[in-house]
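Chemist: Coordinates in input.cif, mmCIF, C-alpha atoms, are listed below.
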data_coords
loop_
_atom_site.label_atom_id
_atom_site.label_comp_id
_atom_site.auth_asym_id
_atom_site.auth_seq_id
_atom_site.Cartn_x
_atom_site.Cartn_y
_atom_site.Cartn_z
CA MET A 131 -10.05 -5.88 -5.13
CA LEU A 132 -9.53 -4.90 -1.50
CA ILE A 133 -7.02 -2.07 -0.91
CA ALA A 134 -5.86 -1.45 2.65
CA GLY A 135 -3.32 1.01 3.97
CA CYS A 136 -2.76 4.54 5.23
CA SER A 137 -3.24 7.95 3.59
CA HIS A 138 -0.91 7.09 0.70
CA ALA A 139 -3.09 4.15 -0.33
CA ALA A 140 -6.12 6.42 0.06
CA GLY A 141 -4.57 8.86 -2.43
CA SER A 142 -4.77 11.59 0.18
CA GLU A 143 -4.20 15.15 -1.12
CA ILE A 144 -3.90 14.16 -4.79
CA ASN A 145 -6.38 16.95 -5.48
CA GLY A 146 -5.45 18.91 -2.35
CA LEU A 147 -8.23 17.44 -0.21
CA GLU A 148 -7.52 15.11 2.68
CA ASP A 149 -9.95 12.57 1.24
CA SER A 150 -12.24 12.43 -1.80
CA VAL A 151 -13.68 9.98 -4.31
CA TYR A 152 -11.37 11.54 -6.92
CA ASN A 153 -8.31 10.84 -4.75
CA ARG A 154 -9.32 7.22 -4.17
CA GLN A 155 -9.99 6.68 -7.88
CA HIS A 156 -6.53 8.00 -8.78
CA SER A 157 -4.63 6.21 -5.99
CA PHE A 158 -2.10 3.54 -6.96
CA GLY A 159 -4.23 0.72 -5.53
CA ASN A 160 -7.34 1.69 -7.47
CA LEU A 161 -5.26 2.07 -10.65
CA VAL A 162 -3.98 -1.49 -10.20
CA ALA A 163 -7.58 -2.68 -9.72
CA PHE A 164 -8.74 -0.87 -12.89
CA ASN A 165 -5.81 -2.36 -14.83
CA TYR A 166 -7.01 -5.89 -14.03
CA GLY A 167 -10.72 -5.13 -14.36
CA TYR A 168 -11.43 -5.46 -10.63
CA ARG A 169 -13.86 -3.30 -8.66
CA PRO A 170 -11.70 -1.44 -6.11
CA ILE A 171 -12.80 -1.50 -2.49
CA ASN A 172 -10.47 1.06 -0.98
CA ILE A 173 -10.62 0.83 2.83
CA ALA A 174 -7.38 2.75 3.50
CA GLN A 175 -7.62 5.37 6.24
CA ASN A 176 -5.68 8.57 6.78
CA GLY A 177 -3.31 8.19 9.73
CA MET A 178 -3.63 4.41 9.80
CA THR A 179 -1.11 2.30 11.70
CA ASN A 180 0.04 -1.17 10.68
CA SER A 181 -1.99 -2.78 13.49
CA GLY A 182 -5.03 -0.84 12.25
CA ILE A 183 -4.40 -1.91 8.65
CA THR A 184 -4.20 -5.53 9.81
CA ARG A 185 -7.42 -5.27 11.79
CA SER A 186 -9.28 -3.52 8.96
CA ILE A 187 -8.48 -6.40 6.58
CA LEU A 188 -9.50 -9.04 9.12
CA LYS A 189 -12.74 -7.20 9.93
CA TRP A 190 -13.62 -6.65 6.26
CA ILE A 191 -13.08 -10.36 5.54
CA GLU A 192 -15.15 -11.31 8.59
CA LYS A 193 -18.05 -9.08 7.53
CA HIS A 194 -18.01 -9.17 3.73
CA TYR A 195 -15.98 -11.98 2.23
CA ASP A 196 -18.05 -14.73 0.67
CA PRO A 197 -15.95 -16.96 -1.64
CA SER A 198 -19.11 -18.29 -3.32
CA LYS A 199 -20.06 -14.79 -4.47
CA MET A 200 -16.77 -13.06 -5.25
CA GLU A 201 -13.22 -13.43 -6.46
CA LEU A 202 -11.00 -11.44 -4.12
CA PHE A 203 -7.55 -9.94 -4.67
CA VAL A 204 -5.94 -7.93 -1.86
CA LEU A 205 -3.35 -5.13 -1.92
CA VAL A 206 -1.83 -4.34 1.46
CA SER A 207 0.14 -1.11 1.60
CA TRP A 208 2.01 -1.10 4.91
CA THR A 209 2.80 2.21 6.60
CA GLU A 210 5.53 3.62 8.86
CA SER A 211 6.53 0.90 11.33
CA THR A 212 6.85 3.18 14.37
CA ARG A 213 3.19 4.29 14.39
CA ILE A 214 1.14 2.82 17.20
CA GLU A 215 -2.47 2.55 18.32
CA VAL A 216 -3.42 2.76 21.98
CA PRO A 217 -6.81 1.44 23.17
CA SER A 218 -9.07 4.13 24.58
CA ASN A 219 -12.66 4.57 25.80
CA ARG A 220 -13.03 7.66 23.62
CA ASN A 221 -14.73 7.68 20.21
CA PHE A 222 -12.26 9.34 17.86
CA LEU A 223 -14.42 9.80 14.75
CA TYR A 224 -11.56 9.09 12.35
CA ASN A 225 -14.27 8.33 9.78
CA ILE A 226 -14.56 12.12 9.25
CA SER A 227 -11.02 12.27 7.84
CA SER A 228 -11.59 9.14 5.70
CA LYS A 229 -15.09 9.92 4.49
CA ALA A 230 -14.50 8.63 0.93
CA ALA A 231 -13.44 5.15 2.02
CA ASP A 232 -15.49 2.41 0.36
CA TRP A 233 -15.85 0.82 3.79
CA PHE A 234 -14.74 2.14 7.16
CA ASP A 235 -13.50 -0.15 9.92
CA GLU A 236 -15.31 1.33 12.94
CA THR A 237 -12.95 -0.37 15.37
CA SER A 238 -10.36 2.27 14.40
CA ASN A 239 -12.33 4.84 16.38
CA MET A 240 -11.51 3.06 19.65
CA TYR A 241 -7.77 3.78 19.53
CA PHE A 242 -5.43 6.73 19.89
CA ARG A 243 -3.30 6.90 16.77
CA ILE A 244 0.19 8.09 17.56
CA ASN A 245 2.93 8.99 15.11
CA PHE A 246 5.93 11.29 15.40
CA GLY A 247 4.59 14.18 13.32
CA TRP A 248 1.63 15.02 15.50
CA GLU A 249 1.99 16.21 19.08
CA GLY A 250 -1.69 15.93 19.93
CA GLY A 251 -4.68 18.25 19.74
CA ASP A 252 -6.55 18.36 23.04
CA ALA A 253 -5.16 18.34 26.57
CA GLU A 254 -5.38 14.55 26.94
CA GLU A 255 -3.47 13.94 23.72
CA LYS A 256 -0.85 16.55 24.56
CA ALA A 257 -0.30 14.87 27.91
CA LEU A 258 -0.22 11.31 26.52
CA PHE A 259 1.63 11.63 23.23
CA PRO A 260 5.11 12.60 24.52
CA TYR A 261 5.05 9.53 26.82
CA TYR A 262 4.22 7.18 23.95
CA GLN A 263 6.53 8.94 21.49
CA GLU A 264 9.43 8.41 23.89
CA PHE A 265 8.46 4.73 24.10
CA MET A 266 8.27 4.55 20.29
CA ALA A 267 11.66 6.22 19.84
CA ASN A 268 13.31 3.89 22.33
CA ASN A 269 11.63 0.72 21.05
CA SER A 270 11.57 1.00 17.26
CA ASN A 271 12.97 -2.53 16.90
CA LEU A 272 10.19 -3.95 19.07
CA LEU A 273 7.64 -2.11 16.91
CA GLU A 274 9.22 -3.52 13.75
CA LEU A 275 8.86 -7.02 15.16
CA GLN A 276 5.17 -6.34 15.77
CA CYS A 277 4.87 -5.17 12.16
CA ILE A 278 6.43 -8.40 10.88
CA ASN A 279 3.91 -10.32 12.98
CA ASN A 280 1.14 -8.27 11.33
CA VAL A 281 2.54 -9.10 7.89
CA LEU A 282 2.67 -12.80 8.74
CA LEU A 283 -0.83 -12.74 10.22
CA ILE A 284 -2.30 -11.31 7.00
CA GLN A 285 -0.14 -13.52 4.79
CA TYR A 286 -1.28 -16.72 6.53
CA ARG A 287 -4.92 -15.57 6.81
CA LEU A 288 -5.11 -14.88 3.06
CA GLN A 289 -3.26 -18.08 2.20
CA ALA A 290 -5.64 -20.06 4.40
CA LEU A 291 -8.58 -18.55 2.52
CA ASN A 292 -6.84 -19.19 -0.81
CA VAL A 293 -7.07 -15.44 -1.55
CA LYS A 294 -4.45 -13.91 -3.84
CA TYR A 295 -2.68 -10.81 -2.61
CA ILE A 296 0.33 -8.51 -2.85
CA MET A 297 1.97 -6.30 -0.26
CA CYS A 298 4.08 -3.17 -0.58
CA ASN A 299 5.47 -0.41 1.65
CA ALA A 300 4.20 3.16 1.54
CA MET A 301 6.75 4.30 4.11
CA HIS A 302 9.72 3.04 6.14
CA MET A 303 9.07 -0.50 7.33
CA PHE A 304 12.09 -2.62 8.33
CA THR A 305 15.30 -0.89 9.44
CA SER A 306 17.72 -3.76 9.39
CA ASN A 307 17.89 -7.44 8.97
CA ASN A 308 19.00 -7.97 12.56
CA LYS A 309 19.01 -11.26 14.44
CA HIS A 310 15.56 -10.72 15.92
CA ASN A 311 13.60 -9.83 12.82
CA LYS A 312 15.68 -12.01 10.48
CA ASP A 313 14.03 -15.24 11.67
CA LEU A 314 10.56 -13.82 11.14
CA LEU A 315 11.27 -12.05 7.85
CA SER A 316 12.50 -15.30 6.32
CA MET A 317 8.90 -16.58 6.61
CA VAL A 318 7.46 -13.66 4.64
CA ASP A 319 6.77 -14.54 0.99
CA SER A 320 8.94 -12.02 -0.88
CA ASN A 321 7.31 -13.04 -4.18
CA ARG A 322 4.14 -11.39 -2.92
CA TYR A 323 5.82 -8.42 -1.20
CA TYR A 324 7.12 -5.68 -3.49
CA ASN A 325 10.49 -4.30 -2.34
CA MET A 326 10.09 -5.64 1.17
CA HIS A 327 13.58 -4.71 2.36
CA ASN A 328 14.16 -1.50 0.43
CA ASN A 329 12.86 1.47 2.42
CA ASP A 330 14.09 3.86 -0.26
CA ALA A 331 11.70 2.14 -2.69
CA ALA A 332 8.68 2.67 -0.42
CA PHE A 333 5.99 4.66 -2.25
CA PHE A 334 6.30 7.94 -0.36
CA TRP A 335 10.09 8.04 -0.02
CA LYS A 336 10.90 6.84 -3.52
CA PHE A 337 9.03 9.65 -5.25
CA ARG A 338 9.90 12.21 -2.60
CA ASN A 339 13.60 11.47 -3.11
CA LEU A 340 13.14 11.64 -6.88
CA GLY A 341 11.97 15.22 -6.39
CA TYR A 342 8.25 14.84 -6.97
CA THR A 343 6.21 17.47 -5.16
CA ASN A 344 2.48 18.06 -5.13
CA PRO A 345 1.71 21.81 -5.04
CA LYS A 346 -1.87 21.06 -4.01
CA ALA A 347 -0.81 19.15 -0.89
CA LYS A 348 -0.51 20.77 2.51
CA TYR A 349 1.05 17.70 4.12
CA TRP A 350 3.45 16.42 1.43
CA HIS A 351 1.26 13.63 -0.03
CA HIS A 352 1.99 12.85 -3.66
CA GLY A 353 0.06 13.91 -6.74
CA GLU A 354 -1.25 11.85 -9.63
CA GLU A 355 1.98 11.02 -11.44
CA PRO A 356 3.72 9.11 -8.61
CA HIS A 357 0.54 7.11 -8.10
CA GLN A 358 0.44 6.22 -11.81
CA LEU A 359 4.13 5.26 -11.85
CA TYR A 360 3.84 3.16 -8.70
CA ALA A 361 0.73 1.39 -10.00
CA LYS A 362 2.72 0.49 -13.11
CA GLU A 363 5.54 -0.92 -10.95
CA LEU A 364 3.07 -2.98 -8.94
CA CYS A 365 1.46 -4.36 -12.12
CA GLU A 366 4.87 -5.35 -13.43
CA PHE A 367 5.64 -7.07 -10.12
CA ILE A 368 2.28 -8.89 -10.24
CA GLY A 369 3.06 -10.06 -13.77
CA GLU A 370 6.66 -11.12 -13.07
CA ASN A 371 5.71 -13.07 -9.94
CA LYS A 372 2.41 -14.44 -11.24
CA CYS A 373 0.54 -13.02 -8.26
CA LEU A 374 -2.75 -13.29 -10.12
CA MET B 293 25.75 13.03 41.72
CA LEU B 294 27.55 14.89 38.94
CA ILE B 295 28.13 11.66 36.97
CA ARG B 296 24.44 10.76 37.24
CA TRP B 297 23.47 14.23 36.03
CA ILE B 298 25.86 13.94 33.06
CA LYS B 299 24.46 10.49 32.19
CA THR B 300 20.92 11.90 32.27
CA LEU B 301 21.98 14.73 29.99
CA ILE B 302 23.60 12.31 27.52
CA ARG B 303 20.52 10.07 27.55
CA GLU B 304 18.27 13.09 26.96
CA TYR B 305 20.53 14.32 24.13
CA LYS B 306 20.46 10.91 22.40
CA TYR B 307 16.68 10.71 22.75
CA ARG B 308 16.16 14.22 21.29
CA LYS B 309 18.46 13.35 18.37
CA ARG B 310 16.56 10.12 17.71
CA LEU B 311 13.22 11.93 17.99
CA LYS B 312 14.36 14.48 15.41
CA GLU B 313 15.32 11.69 12.99
CA LEU B 314 12.02 9.88 13.49
CA ARG B 315 9.97 13.09 13.05
CA LYS B 316 11.63 13.46 9.65
CA ARG B 317 10.75 9.83 8.85
CA ASP B 318 7.05 10.27 9.66
CA PRO B 319 6.19 13.97 9.48
CA PHE B 320 2.51 13.54 8.69
CA ILE B 321 -0.03 15.38 10.80
CA TYR B 322 -3.47 13.91 11.51
CA LYS B 323 -6.04 15.72 13.61
#
Would you mind giving the structure from this file in structure tokens?
Modeler:
Amino acid sequence: MLIAGCSHAAGSEINGLEDSVYNRQHSFGNLVAFNYGYRPINIAQNGMTNSGITRSILKWIEKHYDPSKMELFVLVSWTESTRIEVPSNRNFLYNISSKAADWFDETSNMYFRINFGWEGGDAEEKALFPYYQEFMANNSNLLELQCINNVLLIQYRLQALNVKYIMCNAMHMFTSNNKHNKDLLSMVDSNRYYNMHNNDAAFFWKFRNLGYTNPKAKYWHHGEEPHQLYAKELCEFIGENKCL
Amino acid sequence: MLIRWIKTLIREYKYRKRLKELRKRDPFIYK
């Protein structure tokens, strides 16, 4: 079972560490895999963007998927829709912060990853990030549309390969069903996408708002119980919608 | 001139407010 997503899907900080085999094994995606007897291949990366998640799935399929040798089930855990990647000639070595991934998409290292919580480390980042963050803040609807295109790209790619899958949100994804994204969202298969429209039901926000805190975490990532509860929800969704 | 300056201030205020909201939405730090 292929599990793609950001730090939440990687189980980041479950045991206090940014990444570890223990965290991956206790992440909601791996728990779903264990429940169905699949071998988890957790390729989620800390700090991942939705475009990066999309590319990591496509690259893994390109390099490793052989339908004659394996039965594949995919869990896509989408992240915050405003995060962006910017192509760069630098080598970012993001593999260091996702060292326990079962496979690392090296193409990630060719992009600046920009979110709102991080203002940049070195001089180049500190100079660039405010420019892009202003763009992100002023164009969140445009970024949501790009995210829907990513969802559709993966949906149609997996359907074309006859690969079963489910999707869910780890963070805020779609703000509103406005006239621009409405036409695209209607093409997304909601029977394979857990709580597509409900941002309050996204993994991080749901359990954060319920009051769950992880004393081991420095950066607010959840502990074991939310992962267990969310895995149970996903299994129920898989069963109700016959996703397998 | 004054009107343009006020408009810039309003635009800057709205952007800062939006930035604050979005920082709450995605507070995670990755180095």
Chemist: Could you please select, counting only C-alpha atoms, the residues of chain A within 9 Å of chain B and state them as a compact mmCIF listing (two decimals) with C-alpha atoms, in the coordinates of the input?
Modeler:
# COMPACT_ATOMS: atom_id res chain seq x y z
CA ASN A 176 -5.68 8.57 6.78
CA GLY A 177 -3.31 8.19 9.73
CA GLU A 210 5.53 3.62 8.86
CA THR A 212 6.85 3.18 14.37
CA ARG A 213 3.19 4.29 14.39
CA TYR A 224 -11.56 9.09 12.35
CA SER A 227 -11.02 12.27 7.84
CA ARG A 243 -3.30 6.90 16.77
CA ASN A 245 2.93 8.99 15.11
CA PHE A 246 5.93 11.29 15.40
CA GLY A 247 4.59 14.18 13.32
CA TRP A 248 1.63 15.02 15.50
CA GLU A 249 1.99 16.21 19.08
CA GLY A 250 -1.69 15.93 19.93
CA GLY A 251 -4.68 18.25 19.74
CA GLN A 263 6.53 8.94 21.49
CA GLU A 264 9.43 8.41 23.89
CA ALA A 267 11.66 6.22 19.84
CA ASN A 268 13.31 3.89 22.33
CA MET A 301 6.75 4.30 4.11
CA HIS A 302 9.72 3.04 6.14
CA TYR A 349 1.05 17.70 4.12
CA TRP A 350 3.45 16.42 1.43
CA HIS A 351 1.26 13.63 -0.03
Chemist: Just to confirm, what's the straight-line distance from CA of Arg220 in chain A to CA of Thr237 in chain A in Å (one decimal)?
Modeler: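 Here the two named atoms are 11.5 Å from each other.
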Chemist: For a test of reading the model, state the distance in Å between CA of Leu161 in chain A and CA of Leu359 in chain A, rounded to one decimal.
Modeler: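 These atoms are spaced 10.0 Å apart.
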Chemist: Step by step: start from the point (-3.4, -8.0, 12.2) in the file's coordinates, keep every protein, DNA or RNA residue that has an atom no farther than 8 Å from it, count only C-alpha atoms, and write the set as a CSV table (one decimal) with C-alpha atoms, in the frame of the given file.
Modeler:
chain,number,residue,atom,x,y,z
A,180,ASN,CA,0.0,-1.2,10.7
A,181,SER,CA,-2.0,-2.8,13.5
A,182,GLY,CA,-5.0,-0.8,12.2
A,183,ILE,CA,-4.4,-1.9,8.6
A,184,THR,CA,-4.2,-5.5,9.8
A,185,ARG,CA,-7.4,-5.3,11.8
A,187,ILE,CA,-8.5,-6.4,6.6
A,188,LEU,CA,-9.5,-9.0,9.1
A,279,ASN,CA,3.9,-10.3,13.0
A,280,ASN,CA,1.1,-8.3,11.3
A,281,VAL,CA,2.5,-9.1,7.9
A,283,LEU,CA,-0.8,-12.7,10.2
A,284,ILE,CA,-2.3,-11.3,7.0
Chemist: Find the residues around Phe158 in chain A up to 7 Å (all atoms listed in the file counted), leave out those fewer than 4 positions away in its own chain, and share them as a ChimeraX atom specification.
Modeler: /A:139,162,357-358,360-361
Chemist: Evaluating the PyMOL selection byres ((chain A and resi 226) around 12) on the displayed file yields which residues, as number ranges by chain?
Modeler: A: 148-150, 175-177, 221-225, 227-231, 234, 236, 238-239; B: 322-323
Chemist: Determine, counting all atoms listed in the file, which protein, DNA and RNA residues have an atom within 10 Å of an atom of Lys372 in chain A; residues of the same chain fewer than 3 positions away are not included. Present the result as a list in words.
Modeler: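 Listed by chain and then number, they are Asn321, Arg322, Glu366, Phe367, Ile368 and Gly369 of chain A.
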Chemist: Using C-alpha atoms, can you write the selected residues to a file as an mmCIF file, in the frame of the given file?
Modeler:
data_model
loop_
_atom_site.group_PDB
_atom_site.id
_atom_site.type_symbol
_atom_site.label_atom_id
_atom_site.label_comp_id
_atom_site.auth_asym_id
_atom_site.auth_seq_id
_atom_site.Cartn_x
_atom_site.Cartn_y
_atom_site.Cartn_z
ATOM 1 C CA ASN A 321 7.310 -13.040 -4.180
ATOM 2 C CA ARG A 322 4.140 -11.390 -2.920
ATOM 3 C CA GLU A 366 4.870 -5.350 -13.430
ATOM 4 C CA PHE A 367 5.640 -7.070 -10.120
ATOM 5 C CA ILE A 368 2.280 -8.890 -10.240
ATOM 6 C CA GLY A 369 3.060 -10.060 -13.770
#
Chemist: Could you tell me how far CA of Glu143 in chain A sits from CA of Lys348 in chain A, in Å to one decimal place?
Modeler: 7.6 Å
Chemist: Name every residue that the PyMOL selection byres ((chain A and resi 316) around 12) selects in this structure, writing the answer as a list in words with chains first and numbers rising.
Modeler: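 Checking the PyMOL selection byres ((chain A and resi 316) around 12) against this file, the residues are Ile278, Asn279, Val281, Leu282, Asn307, Asn308, Lys309, His310, Asn311, Lys312, Asp313, Leu314, Leu315, Met317, Val318, Asp319, Ser320, Asn321, Met326 and His327 of chain A.
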Chemist: My list of candidates is A:Val216, A:Tyr342, A:Ser211, A:Trp335. Which is closest to Phe304 in chain A when distances are computed with only C-alpha atoms?
Modeler: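 Of all the options, A:Ser211 lies closest to Phe304 in chain A.
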Chemist: Please expand the PyMOL selection byres ((chain A and resi 195-200) around 12) into the concrete residues it hits in this file, giving the result as a list in words.
Modeler: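 With the PyMOL selection byres ((chain A and resi 195-200) around 12) on this model, the match is Met131, Leu132, Tyr168, Arg169, Ile171, Ile187, Leu188, Lys189, Trp190, Ile191, Glu192, Lys193, His194, Glu201, Leu202, Phe203, Val204, Leu288, Leu291, Asn292 and Val293 of chain A.
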